[in-house]
Structure formats: C-alpha cells, structure tokens
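Worksheet for the structure shown next.
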Amino acid sequence: MDLQALTIGQLAASAAVNVETVRYYQRRGLLSEPKRPAGGIRRYTSSDLARLRYIRRAQTMGFSLDEIVGLLELNGRRACEQTKRLTENKLLDVRKRLGELRKLERQLSQLVASCGEASVGAFCPTLELLEHAGTEPLPRSRGQHVRS
C-alpha cells in the first residue's frame with residue numbers, strides 16, 4: 001500500500017480506527033482534511049497516518065482530545081516543561097482513579113460475599129444497596145441484611 005496515497009478507509013484501517021473517528025478528529029481540528037481533486041477522492045499521506053497514531057496513543061495514555069490538541073501544538077525548548085506538567089497532572093488523575101477503583105473493588109467484594117451468604121428468601125444485598133444508594137452503608141454483616 002502506497003503511504004502517500006491512502007484513502008480515508010485505508011488510513012482508518014492502518015491506524016485501527018473507524019472512518020467516522022477520522023472524520024470526527026477532522027471536525028475537532030486534530031487532523032487535517034486533504035483537498036479533494038476534481039473528480040477524485042481525498043488522499044492521505046504517511047504524515048497523516050503518523051498524526052492519527054499519535055492521537056490514538058495519547059488517548060490510550062488517558063489524555064483527552066482537548067489535551068491532545070495542546071500536545072500537538074507544543075514545540076520548542078519549553079515543550080518538555082509543558083508536557084511534563086501535563087503528564088504529571090495526568091499521573092495524579094490516574095492515581096486518584098486507581099484509589100477509587102480499589103475502593104470500588106473492596107465494596108464489590110463485600111457485596112459478592114454478602115450475596116453468597118444471604119439466606120434463602122432474604123433480600124439481595126446488592127439490590128438493596130442500589131435501591132437505597134446513599135441512605136445506608138454497604139452491608140457488613142453476613143447474611144443478616146434486612147430490608148427496611
């Protein structure tokens with residue numbers, strides 16, 4: 001495949017994205033849209049493919065599209081300093097989410113244990129929690145969760 005003359009479908013396939021994703025990135029200004037030659041179809045270059053892959057890698061690392069716009073604009077001597085700051089903030093966000101996920105894991109484990117120990121005919125602790133979210137703590141006692 002000639003990387004100097006990719007169709008939008010070939011570009012999308014080469015970057016493992018959907019054609020609509022390419023179009024969305026174009027609307028957002030992340031990726032340019034080549035001019036359509038008279039009677040022809042738009043062709044993308046290897047630099048378009050590299051940029052698309054850059055965007056996807058940045059998303060995989062957790063950067064939002066707005067943040068990626070900023071990353072794409074960075075260059076020069078201060079680029080590393082600015083990128084470091086943005087990456088540090090992203091790392092803090094990831095650590096916060098990991099803490100929240102660990103807490104959720106403990107809560108879900110508790111619910112699984114409570115459901116496994118609920119007596120026949122008792123109300124399901126998970127359904128109870130969902131029904132009364134925010135009004136009572138997670139069940140801690142084994143098989144003794146009573147519906148209010």
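In the structure tokens, chains take the letters A, B, ... in the order shown, each chain's residues start at 1, and ligands count up from 1 in the order shown.
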When you look at Asp66 in chain A with a cut-off of 12 Å (counting only C-alpha atoms), what residues show up, excluding the ones that are within fewer than 5 positions of it in the same chain? I need them as a PyMOL selection string. chain A and resi 25+28-30+55+58-59+71-73+86
Helix (DSSP H, G or I) positions in chain A, given as a PyMOL selection string: chain A and resi 8-14+19-27+46-60+65-73+79-117+125-131
Env of Val94 in chain A: 10 Å cut, atoms = only C-alpha atoms, seq-sep filter 5 positions within chain, self excluded. Answer as a PyMOL selection string. chain A and resi 61-62+88-89+99-100
Serialized selection, C-alpha atoms, as a PDB file, in the first residue's frame:
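Written out: out-v5.pdb:
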ATOM      1  CA  MET A  61      -2.459   7.149  27.867  1.00  0.00           C
ATOM      2  CA  GLY A  62      -5.593   8.894  29.123  1.00  0.00           C
ATOM      3  CA  GLU A  88       2.230  14.952  35.976  1.00  0.00           C
ATOM      4  CA  ASN A  89      -1.396  16.088  36.177  1.00  0.00           C
ATOM      5  CA  GLY A  99      -7.707   4.682  44.563  1.00  0.00           C
ATOM      6  CA  GLU A 100     -11.370   4.959  43.635  1.00  0.00           C
TER       7      GLU A 100
END
At a cut-off of 7 Å, using only C-alpha atoms, what residues contact range 13-20 of chain A? Leave out same-chain residues fewer than 3 positions from it and give the result as a ChimeraX atom specification. /A:8-10,23-24,49,52-53
Which distance in Å separates CA of Ala50 in chain A and CA of Lys84 in chain A, to one decimal? 22.0 Å
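Picture a line from CA of Arg57 in chain A to CA of Lys35 in chain A; it runs 26.2 Å.
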Report, in Å to a single decimal, how far apart CA of Glu105 in chain A and CA of Ser119 in chain A are. 23.5 Å
